>>> print(open('structure.csv').read())   # CSV, C-alpha atoms and all ligand atoms
chain,number,residue,atom,x,y,z
W,1,MET,CA,155.1,-3.4,76.6
W,2,THR,CA,155.0,-5.5,73.5
W,3,SER,CA,156.9,-8.7,74.0
W,4,GLU,CA,156.0,-11.2,71.4
W,5,PHE,CA,159.6,-11.9,70.7
W,6,TRP,CA,161.0,-12.5,74.2
W,7,PRO,CA,162.2,-16.0,74.6
W,8,SER,CA,160.6,-18.2,77.1
W,9,ILE,CA,163.1,-19.0,79.9
W,10,VAL,CA,160.9,-20.3,82.8
W,11,ASN,CA,157.8,-22.2,82.2
W,12,THR,CA,157.0,-24.5,85.1
W,13,GLU,CA,153.6,-25.2,86.5
W,14,PRO,CA,153.0,-25.0,90.2
W,15,SER,CA,151.9,-28.1,92.0
W,16,THR,CA,148.4,-28.2,93.5
W,17,LYS,CA,146.7,-29.6,96.7
W,18,ALA,CA,146.0,-27.1,99.4
W,19,PRO,CA,144.6,-26.7,102.8
W,20,SER,CA,142.2,-23.8,102.6
W,21,LEU,CA,143.3,-20.3,103.7
W,22,MET,CA,141.0,-20.5,106.7
W,23,THR,CA,143.0,-23.4,108.1
W,24,PHE,CA,146.4,-22.0,107.2
W,25,PRO,CA,148.8,-22.3,110.2
W,26,HIS,CA,150.6,-19.0,111.1
W,27,TYR,CA,154.2,-19.9,111.8
W,28,HIS,CA,156.1,-17.1,113.4
W,29,VAL,CA,159.6,-16.2,112.1
W,30,SER,CA,162.2,-14.6,114.4
W,31,ALA,CA,162.7,-10.9,113.8
W,32,SER,CA,166.0,-9.1,113.6
W,33,PRO,CA,166.6,-5.4,113.2
W,34,GLN,CA,166.6,-4.3,109.6
W,35,CYS,CA,169.8,-2.8,108.4
W,36,PRO,CA,169.7,0.4,106.3
W,37,SER,CA,170.8,-0.7,102.8
W,38,THR,CA,173.3,2.2,102.4
W,39,PRO,CA,175.3,2.6,105.7
W,40,PHE,CA,178.3,4.4,104.3
W,41,SER,CA,176.8,6.9,102.0
W,42,ASN,CA,174.1,9.5,101.6
W,43,LEU,CA,172.1,7.4,99.3
W,44,PRO,CA,168.4,7.1,100.0
W,45,ILE,CA,167.3,4.1,102.1
W,46,VAL,CA,165.1,1.8,100.0
W,47,ASN,CA,162.7,-0.9,101.1
W,48,CYS,CA,161.2,-3.6,98.9
W,49,VAL,CA,157.7,-3.9,100.3
W,50,VAL,CA,156.4,-6.5,98.0
W,51,ARG,CA,157.5,-8.8,95.2
W,52,ALA,CA,155.3,-10.9,92.9
W,53,ARG,CA,155.9,-13.3,90.0
W,54,ILE,CA,154.5,-12.0,86.7
W,55,PRO,CA,154.1,-14.5,83.9
W,56,THR,CA,154.4,-12.4,80.7
W,57,THR,CA,152.9,-12.6,77.3
W,58,SER,CA,156.2,-13.8,75.9
W,59,GLY,CA,156.3,-16.8,78.3
W,60,THR,CA,159.2,-15.3,80.3
W,61,GLU,CA,158.5,-14.9,84.0
W,62,ILE,CA,159.6,-11.8,85.8
W,63,PHE,CA,159.6,-10.8,89.4
W,64,LEU,CA,158.2,-7.3,90.0
W,65,HIS,CA,159.6,-5.6,93.1
W,66,LEU,CA,157.9,-2.6,94.5
W,67,TYR,CA,160.0,-0.2,96.6
W,68,THR,CA,159.4,2.7,99.0
W,69,ASN,CA,162.3,5.0,99.8
W,70,SER,CA,163.5,7.8,102.1
W,71,MET,CA,163.6,10.4,99.4
W,72,ASP,CA,160.2,10.6,97.8
W,73,SER,CA,156.8,9.0,98.0
W,74,LYS,CA,156.7,7.4,94.6
W,75,GLU,CA,156.5,3.6,94.0
W,76,HIS,CA,159.7,2.9,92.1
W,77,LEU,CA,160.1,-0.6,90.7
W,78,ALA,CA,162.6,-3.3,89.9
W,79,ILE,CA,161.7,-5.8,87.2
W,80,VAL,CA,163.9,-8.8,87.9
W,81,PHE,CA,164.8,-11.5,85.5
W,82,GLY,CA,166.2,-14.7,87.0
W,83,ALA,CA,165.8,-16.4,90.3
W,84,ASN,CA,169.3,-15.6,91.7
W,85,ILE,CA,168.8,-11.9,92.2
W,86,ARG,CA,167.1,-11.2,95.6
W,87,SER,CA,166.3,-8.2,97.6
W,88,ARG,CA,167.9,-7.9,101.0
W,89,SER,CA,165.3,-5.6,102.4
W,90,LEU,CA,162.5,-7.9,101.2
W,91,ASP,CA,164.1,-11.0,102.7
W,92,ALA,CA,164.9,-9.5,106.0
W,93,PRO,CA,162.5,-10.8,108.7
W,94,ARG,CA,160.0,-8.3,110.1
W,95,SER,CA,158.9,-8.2,113.6
W,96,GLY,CA,155.9,-10.4,114.5
W,97,GLU,CA,155.3,-11.6,111.0
W,98,THR,CA,154.1,-15.1,110.1
W,99,GLU,CA,155.1,-17.4,107.4
W,100,MET,CA,151.9,-16.5,105.6
W,101,ASP,CA,152.8,-12.8,105.9
W,102,ARG,CA,156.2,-13.5,104.3
W,103,MET,CA,154.7,-15.4,101.4
W,104,ILE,CA,152.0,-12.7,100.8
W,105,ARG,CA,154.7,-10.0,100.6
W,106,GLY,CA,156.8,-12.2,98.3
W,107,ALA,CA,159.6,-13.0,100.7
W,108,TYR,CA,159.6,-16.7,99.8
W,109,ILE,CA,162.2,-18.9,98.1
W,110,GLY,CA,161.3,-20.9,95.1
W,111,ARG,CA,157.7,-20.9,93.9
W,112,LEU,CA,154.3,-20.5,95.6
W,113,PHE,CA,151.7,-23.2,95.2
W,114,PRO,CA,148.4,-23.9,96.9
W,115,GLY,CA,149.0,-25.4,100.3
W,116,ARG,CA,152.6,-24.1,100.8
W,117,ILE,CA,153.2,-23.4,104.5
W,118,SER,CA,156.8,-22.2,104.7
W,119,SER,CA,158.5,-19.2,103.0
W,120,GLN,CA,161.9,-20.9,103.4
W,121,ILE,CA,161.6,-24.5,102.2
W,122,ASP,CA,160.2,-25.5,98.9
W,123,PRO,CA,161.4,-28.9,97.9
W,124,ASN,CA,159.3,-28.7,94.7
W,125,SER,CA,161.1,-25.7,93.3
W,126,PRO,CA,163.5,-26.0,90.4
W,127,SER,CA,167.0,-25.0,91.5
W,128,PRO,CA,168.0,-21.6,90.5
W,129,GLN,CA,169.9,-21.3,87.2
W,130,ASP,CA,173.6,-20.7,87.3
W,131,GLY,CA,174.7,-17.3,86.2
W,132,ASN,CA,176.7,-17.1,82.9
W,133,GLY,CA,179.7,-15.7,84.8
W,134,LYS,CA,179.1,-12.1,83.5
W,135,ALA,CA,177.9,-9.1,85.5
W,136,PRO,CA,174.1,-8.8,85.2
W,137,LEU,CA,172.6,-6.6,82.5
W,138,VAL,CA,170.9,-3.6,84.0
W,139,ARG,CA,168.7,-0.9,82.4
W,140,ILE,CA,167.7,2.2,84.4
W,141,HIS,CA,164.5,3.2,82.8
W,142,SER,CA,162.6,6.5,83.4
W,143,GLU,CA,158.8,6.4,83.1
W,144,CYS,CA,157.4,7.5,79.8
W,145,TYR,CA,153.6,7.3,79.6
W,146,THR,CA,153.5,8.5,76.0
W,147,GLY,CA,156.2,6.1,74.7
W,148,GLU,CA,155.1,3.0,76.7
W,149,THR,CA,151.3,3.3,76.8
W,150,ALA,CA,150.1,5.9,74.3
W,151,TRP,CA,152.1,4.5,71.3
W,152,SER,CA,154.1,7.7,70.8
W,153,ALA,CA,156.7,7.8,68.1
W,154,ARG,CA,158.2,11.0,69.4
W,155,CYS,CA,160.7,8.8,71.4
W,156,ASP,CA,162.0,5.2,71.5
W,157,CYS,CA,161.3,4.7,75.2
W,158,GLY,CA,158.8,1.8,74.6
W,159,GLU,CA,161.2,0.1,72.2
W,160,GLN,CA,164.1,0.4,74.6
W,161,LEU,CA,162.1,-1.1,77.4
W,162,ASP,CA,161.1,-4.0,75.2
W,163,GLU,CA,164.6,-4.5,74.0
W,164,ALA,CA,166.1,-4.5,77.5
W,165,ALA,CA,163.5,-7.1,78.5
W,166,ARG,CA,164.3,-9.2,75.5
W,167,LEU,CA,168.0,-9.2,76.2
W,168,MET,CA,167.5,-10.0,79.9
W,169,ALA,CA,165.1,-12.8,79.1
W,170,LEU,CA,167.7,-14.3,76.7
W,171,GLU,CA,170.4,-14.2,79.4
W,172,GLY,CA,168.0,-15.4,82.1
W,173,CYS,CA,169.3,-12.7,84.3
W,174,GLY,CA,169.0,-8.9,84.6
W,175,VAL,CA,167.2,-6.0,86.2
W,176,ILE,CA,165.2,-3.1,84.8
W,177,VAL,CA,165.0,-0.4,87.5
W,178,TYR,CA,161.8,1.5,86.5
W,179,LEU,CA,162.0,5.0,88.0
W,180,ARG,CA,158.9,7.2,88.3
W,181,GLN,CA,160.5,10.3,86.8
W,182,GLU,CA,158.3,10.9,83.8
W,183,GLY,CA,159.5,13.4,81.2
W,184,ARG,CA,163.2,13.3,82.3
W,185,GLY,CA,161.9,14.3,85.8
W,186,ILE,CA,159.6,17.2,84.8
W,187,GLY,CA,156.3,15.2,84.9
W,188,LEU,CA,153.8,14.3,82.3
W,189,GLY,CA,152.0,17.7,82.2
W,190,GLU,CA,155.2,19.6,81.6
W,191,LYS,CA,156.4,17.1,79.1
W,192,LEU,CA,153.2,17.6,77.1
W,193,LYS,CA,153.8,21.4,77.1
W,194,ALA,CA,157.4,20.6,75.9
W,195,TYR,CA,155.9,18.6,73.0
W,196,ASN,CA,153.8,21.7,72.0
W,197,LEU,CA,157.0,23.8,72.1
W,198,GLN,CA,158.7,21.2,70.0
W,199,ASP,CA,155.9,21.4,67.4
W,200,LEU,CA,156.5,25.2,67.4
W,201,GLY,CA,160.1,24.5,66.3
W,202,ASN,CA,162.2,24.0,69.4
W,203,ASP,CA,164.3,20.9,70.2
W,204,THR,CA,163.8,18.8,73.3
W,205,VAL,CA,166.5,20.7,75.3
W,206,GLU,CA,165.2,24.2,74.3
W,207,ALA,CA,161.6,23.2,75.1
W,208,ASN,CA,162.6,22.2,78.7
W,209,LEU,CA,164.6,25.4,79.1
W,210,LEU,CA,161.8,27.6,77.8
W,211,LEU,CA,159.6,26.0,80.5
W,212,ARG,CA,162.2,26.9,83.1
W,213,HIS,CA,163.2,23.3,83.7
W,214,PRO,CA,166.7,21.9,83.4
W,215,ALA,CA,167.4,19.9,80.2
W,216,ASP,CA,167.4,16.8,82.4
W,217,ALA,CA,165.9,16.9,85.9
W,218,ARG,CA,166.5,13.3,86.8
W,219,SER,CA,168.4,11.7,89.7
W,220,TYR,CA,169.6,8.1,89.9
W,221,ASP,CA,170.3,7.8,93.6
W,222,ILE,CA,167.3,5.6,94.1
W,223,ALA,CA,168.4,3.3,91.3
W,224,THR,CA,171.8,3.0,92.9
W,225,SER,CA,170.2,2.1,96.3
W,226,ILE,CA,167.9,-0.4,94.6
W,227,LEU,CA,170.8,-2.1,92.8
W,228,LYS,CA,172.6,-2.3,96.2
W,229,ASP,CA,169.6,-3.8,97.8
W,230,LEU,CA,169.5,-6.4,95.0
W,231,ASN,CA,173.1,-7.2,96.0
W,232,LEU,CA,174.5,-6.1,92.7
W,233,SER,CA,177.9,-4.5,92.9
W,234,GLU,CA,179.1,-4.9,89.2
W,235,ILE,CA,176.7,-4.4,86.3
W,236,ARG,CA,176.6,-4.1,82.5
W,237,LEU,CA,174.5,-1.0,81.9
W,238,LEU,CA,172.3,-0.7,78.8
W,239,THR,CA,172.5,3.0,77.9
W,240,ASN,CA,173.8,5.6,75.5
W,241,ASN,CA,173.7,8.3,78.2
W,242,PRO,CA,177.1,9.1,79.8
W,243,SER,CA,175.5,11.1,82.7
W,244,LYS,CA,173.5,8.0,83.6
W,245,ILE,CA,176.6,5.9,83.9
W,246,ALA,CA,178.4,8.4,86.2
W,247,ALA,CA,175.2,9.0,88.3
W,248,VAL,CA,174.3,5.3,88.9
W,249,GLU,CA,177.8,4.4,90.0
W,250,GLY,CA,177.2,6.8,93.0
W,251,LEU,CA,179.6,9.2,94.6
W,252,HIS,CA,181.5,6.5,96.3
W,253,LYS,CA,181.3,4.0,93.4
W,254,GLU,CA,178.8,1.9,95.3
W,255,ILE,CA,178.0,0.3,91.9
W,256,LYS,CA,180.6,-0.4,89.3
W,257,VAL,CA,179.6,-0.3,85.6
W,258,VAL,CA,182.0,-2.8,84.2
W,259,ALA,CA,180.6,-2.5,80.7
W,260,ARG,CA,178.2,-0.3,78.7
W,261,GLU,CA,175.9,-2.0,76.2
W,262,ALA,CA,174.7,0.5,73.5
W,263,MET,CA,171.0,0.9,72.8
W,264,ILE,CA,170.8,1.3,69.0
W,265,PRO,CA,167.4,2.3,67.6
W,266,LYS,CA,166.0,-0.7,65.8
W,267,MET,CA,165.3,1.2,62.6
W,268,TRP,CA,169.0,2.2,62.5
W,269,LYS,CA,169.8,-1.6,62.5
W,270,GLY,CA,167.5,-2.2,59.6
W,271,GLU,CA,164.9,-3.8,61.9
W,272,LYS,CA,161.2,-3.0,62.3
W,273,GLY,CA,161.1,-0.3,64.9
W,274,VAL,CA,159.8,3.2,65.9
W,275,GLN,CA,160.4,5.8,63.2
W,276,GLY,CA,159.4,9.2,62.1
W,277,LYS,CA,160.6,12.8,61.8
W,278,GLU,CA,160.0,13.6,65.5
W,279,LEU,CA,162.0,10.5,66.6
W,280,GLY,CA,164.9,11.5,64.3
W,281,ASP,CA,164.9,15.0,65.8
W,282,TYR,CA,164.8,13.6,69.4
W,283,LEU,CA,167.8,11.3,68.8
W,284,LYS,CA,169.8,14.0,67.0
W,285,THR,CA,169.3,16.4,70.0
W,286,LYS,CA,170.4,13.6,72.4
W,287,ILE,CA,173.6,13.1,70.4
W,288,GLU,CA,174.4,16.7,69.6
W,289,LYS,CA,173.4,18.4,72.8
W,290,MET,CA,173.4,15.7,75.5
W,291,GLY,CA,176.5,13.8,74.5
W,292,HIS,CA,174.8,10.5,73.9
W,293,MET,CA,177.2,7.8,72.7
W,294,LEU,CA,175.4,7.0,69.4
W,295,ASN,CA,176.4,7.7,65.8
W,296,LEU,CA,173.8,9.2,63.5
W,297,PRO,CA,173.2,6.9,60.5
W,298,SER,CA,174.9,8.3,57.4
W,301,LIG,N1,161.2,16.5,78.9
W,301,LIG,C1,161.2,15.6,77.9
W,301,LIG,N2,161.3,14.3,78.3
W,301,LIG,C2,161.2,13.3,77.3
W,301,LIG,C3,161.1,13.7,76.0
W,301,LIG,N3,161.0,12.5,75.3
W,301,LIG,C4,161.2,11.5,76.2
W,301,LIG,N4,161.3,12.0,77.4
W,301,LIG,C5,161.5,11.3,78.7
W,301,LIG,O1,162.8,10.8,78.7
W,301,LIG,C6,162.9,9.7,79.6
W,301,LIG,C7,163.5,8.5,78.9
W,301,LIG,O2,164.8,8.6,79.0
W,301,LIG,P1,165.7,7.2,79.0
W,301,LIG,O3,165.0,6.2,78.2
W,301,LIG,O4,166.1,6.9,80.3
W,301,LIG,O5,166.8,7.6,78.0
W,301,LIG,P2,168.1,8.5,78.2
W,301,LIG,O6,168.4,9.0,79.5
W,301,LIG,O7,167.9,9.5,77.2
W,301,LIG,O8,169.3,7.5,77.8
W,301,LIG,P3,169.4,6.0,77.3
W,301,LIG,O9,169.7,5.2,78.5
W,301,LIG,O10,170.5,6.0,76.4
W,301,LIG,O11,168.1,5.6,76.7
W,301,LIG,C8,161.5,9.4,80.0
W,301,LIG,O12,161.2,9.9,81.3
W,301,LIG,C9,160.6,10.1,78.9
W,301,LIG,O13,159.4,10.5,79.4
W,301,LIG,C10,160.9,15.0,75.6
W,301,LIG,O14,160.8,15.4,74.5
W,301,LIG,N5,161.0,15.9,76.7
>>> encode(input="structure.csv", output="structure tokens")
Amino acid sequence: MTSEFWPSIVNTEPSTKAPSLMTFPHYHVSASPQCPSTPFSNLPIVNCVVRARIPTTSGTEIFLHLYTNSMDSKEHLAIVFGANIRSRSLDAPRSGETEMDRMIRGAYIGRLFPGRISSQIDPNSPSPQDGNGKAPLVRIHSECYTGETAWSARCDCGEQLDEAARLMALEGCGVIVYLRQEGRGIGLGEKLKAYNLQDLGNDTVEANLLLRHPADARSYDIATSILKDLNLSEIRLLTNNPSKIAAVEGLHKEIKVVAREAMIPKMWKGEKGVQGKELGDYLKTKIEKMGHMLNLPS
């Protein structure tokens, strides 16, 4: 993720002075049974197993939440901007755990600092920022090794991830749900075969179908459950994909998309961004065959 242009929202230094880990007192917290996060629907149950603060290269701090779930064995993620968005499954007390256990798995309030002994009280923490009154920005992002790590200009996935992060950093609030469904759910190996079929003259949809995969094999149930776990019921969704909006809202409208924010490719806005013939073909197919809510530049 390139992020030189994200604004810096949080930049506070932790205080120091610590008893050593060896002498750390283990306070026990009371345990209560953990509620399934989705009691009225068939959505998967998700569990945030660990959360950690990540200072980023832009200066913005994010909180990375790692989830397990009842549907698959992948480690899906929520990248959280802002201190007000908290995971219910992470914060729920666990049987027999100590205050140290809670801090190690990230279930603390405020900031960690050497010598901190309670997950609950942190008088040195800055108070959480007030929201801006709007529903939080959310991006549901599907993994794209080629676009995010291997500098591919066949798609704009890396650019979209950066742009979502930039907007959320600006607002000081937001969530990128990062789903491990590479290649629209067909996996990296199959996506690479699809690229070869594209070089042989097929578009992205045809290439998937020739490989006997659906045009789009993704599901957003886990994203819906993660957003519920993060206590979000109304969101502004960053997407051009109509199926994504319907899917993330869930069968019982567990999440309400109160606004859609378009993701316009940077080069179409006259900015420096990913470009090339392959990207042009990829976007054209999204618009013409997958109903994406974007207008091709004239
Ligand atoms: N099968 C296949 N997958 C691709 C191709 N290009 C990109 N992808 C995958 O498409 C996914 C990215 O889709 P998203 O960024 O969620 O975009 P979207 O659903 O098209 O809609 P937006 O929210 O509008 O961006 C990632 O999993 C990529 O790996 C391709 O040519 N073939």
>>> residues_near_ligand(input="structure.csv", ligand="ligand LIG 301 (chain W)", cutoff="7 Å", atoms="all atoms listed in the file", output="PyMOL selection string")
chain W and resi 140-145+154-155+157+160+181-186+191+194-195+204+208+238-241+244+263+282+286+292
>>> atom_distance(input="structure.csv", atom1="atom CA of Gly291 of chain W", atom2="atom CA of Ser243 of chain W")
8.7 Å
>>> atom_distance(input="structure.csv", atom1="atom CA of Gly158 of chain W", atom2="atom CA of Tyr67 of chain W")
22.1 Å
>>> atom_distance(input="structure.csv", atom1="atom CA of Glu171 of chain W", atom2="atom CA of Trp268 of chain W")
23.6 Å
>>> residues_around(input="structure.csv", residues="Val175 of chain W", least_positions_apart="5", cutoff="8 Å", atoms="all atoms listed in the file", output="JSON, numbers by chain")
{"W": [78, 79, 80, 81, 136, 137, 138, 139, 168]}
>>> closest_residue(input="structure.csv", among="W:Ala52, W:Asp156, W:Thr285, W:Ser118", to="Arg105 of chain W", atoms="only C-alpha atoms")
W:Ala52
>>> closest_residue(input="structure.csv", among="W:Ala217, W:Leu209, W:Leu43, W:Ile85", to="Gly250 of chain W", atoms="only C-alpha atoms")
W:Leu43
>>> closest_residue(input="structure.csv", among="W:Gly276, W:Ile117, W:Lys266, W:Glu249", to="Ser152 of chain W", atoms="all atoms listed in the file")
W:Gly276
>>> closest_residue(input="structure.csv", among="W:Ile45, W:Leu211, W:Leu161, W:Leu112", to="Ser89 of chain W", atoms="only C-alpha atoms")
W:Ile45
>>> closest_residue(input="structure.csv", among="W:Leu77, W:Ala92, W:Ile54, W:Ala223", to="Arg111 of chain W", atoms="all atoms listed in the file")
W:Ile54
>>> closest_residue(input="structure.csv", among="W:Gly273, W:His213, W:Ile264, W:Gln198", to="Pro297 of chain W", atoms="only C-alpha atoms")
W:Ile264
>>> residues_around(input="structure.csv", residues="Asn42 of chain W", least_positions_apart="6", cutoff="10 Å", atoms="only C-alpha atoms", output="list in words")
Asp221, Ser225, Gly250, Leu251 and His252 of chain W
>>> residues_near_point(input="structure.csv", point="(168.0, -11.2, 99.3)", cutoff="12 Å", atoms="all atoms listed in the file", output="ChimeraX atom specification")
/W:37,47-48,51,65,83-93,106-109,226-232
>>> residues_around(input="structure.csv", residues="Gly172 of chain W", least_positions_apart="2", cutoff="8 Å", atoms="only C-alpha atoms", output="ChimeraX atom specification")
/W:9,81-82,168-170,174
>>> residues_around(input="structure.csv", residues="Ile222 of chain W", least_positions_apart="6", cutoff="9 Å", atoms="all atoms listed in the file", output="list in words")
Leu43, Pro44, Ile45, Val46, Asn69, Met71, His76, Leu179 and Val248 of chain W
>>> write_last_selection(input="structure.csv", atoms="C-alpha atoms", output="PDB file, in the frame of the given file")
ATOM      1  CA  LEU W  43     172.100   7.400  99.300  1.00  0.00           C
ATOM      2  CA  PRO W  44     168.400   7.100 100.000  1.00  0.00           C
ATOM      3  CA  ILE W  45     167.300   4.100 102.100  1.00  0.00           C
ATOM      4  CA  VAL W  46     165.100   1.800 100.000  1.00  0.00           C
ATOM      5  CA  ASN W  69     162.300   5.000  99.800  1.00  0.00           C
ATOM      6  CA  MET W  71     163.600  10.400  99.400  1.00  0.00           C
ATOM      7  CA  HIS W  76     159.700   2.900  92.100  1.00  0.00           C
ATOM      8  CA  LEU W 179     162.000   5.000  88.000  1.00  0.00           C
ATOM      9  CA  VAL W 248     174.300   5.300  88.900  1.00  0.00           C
TER      10      VAL W 248
END
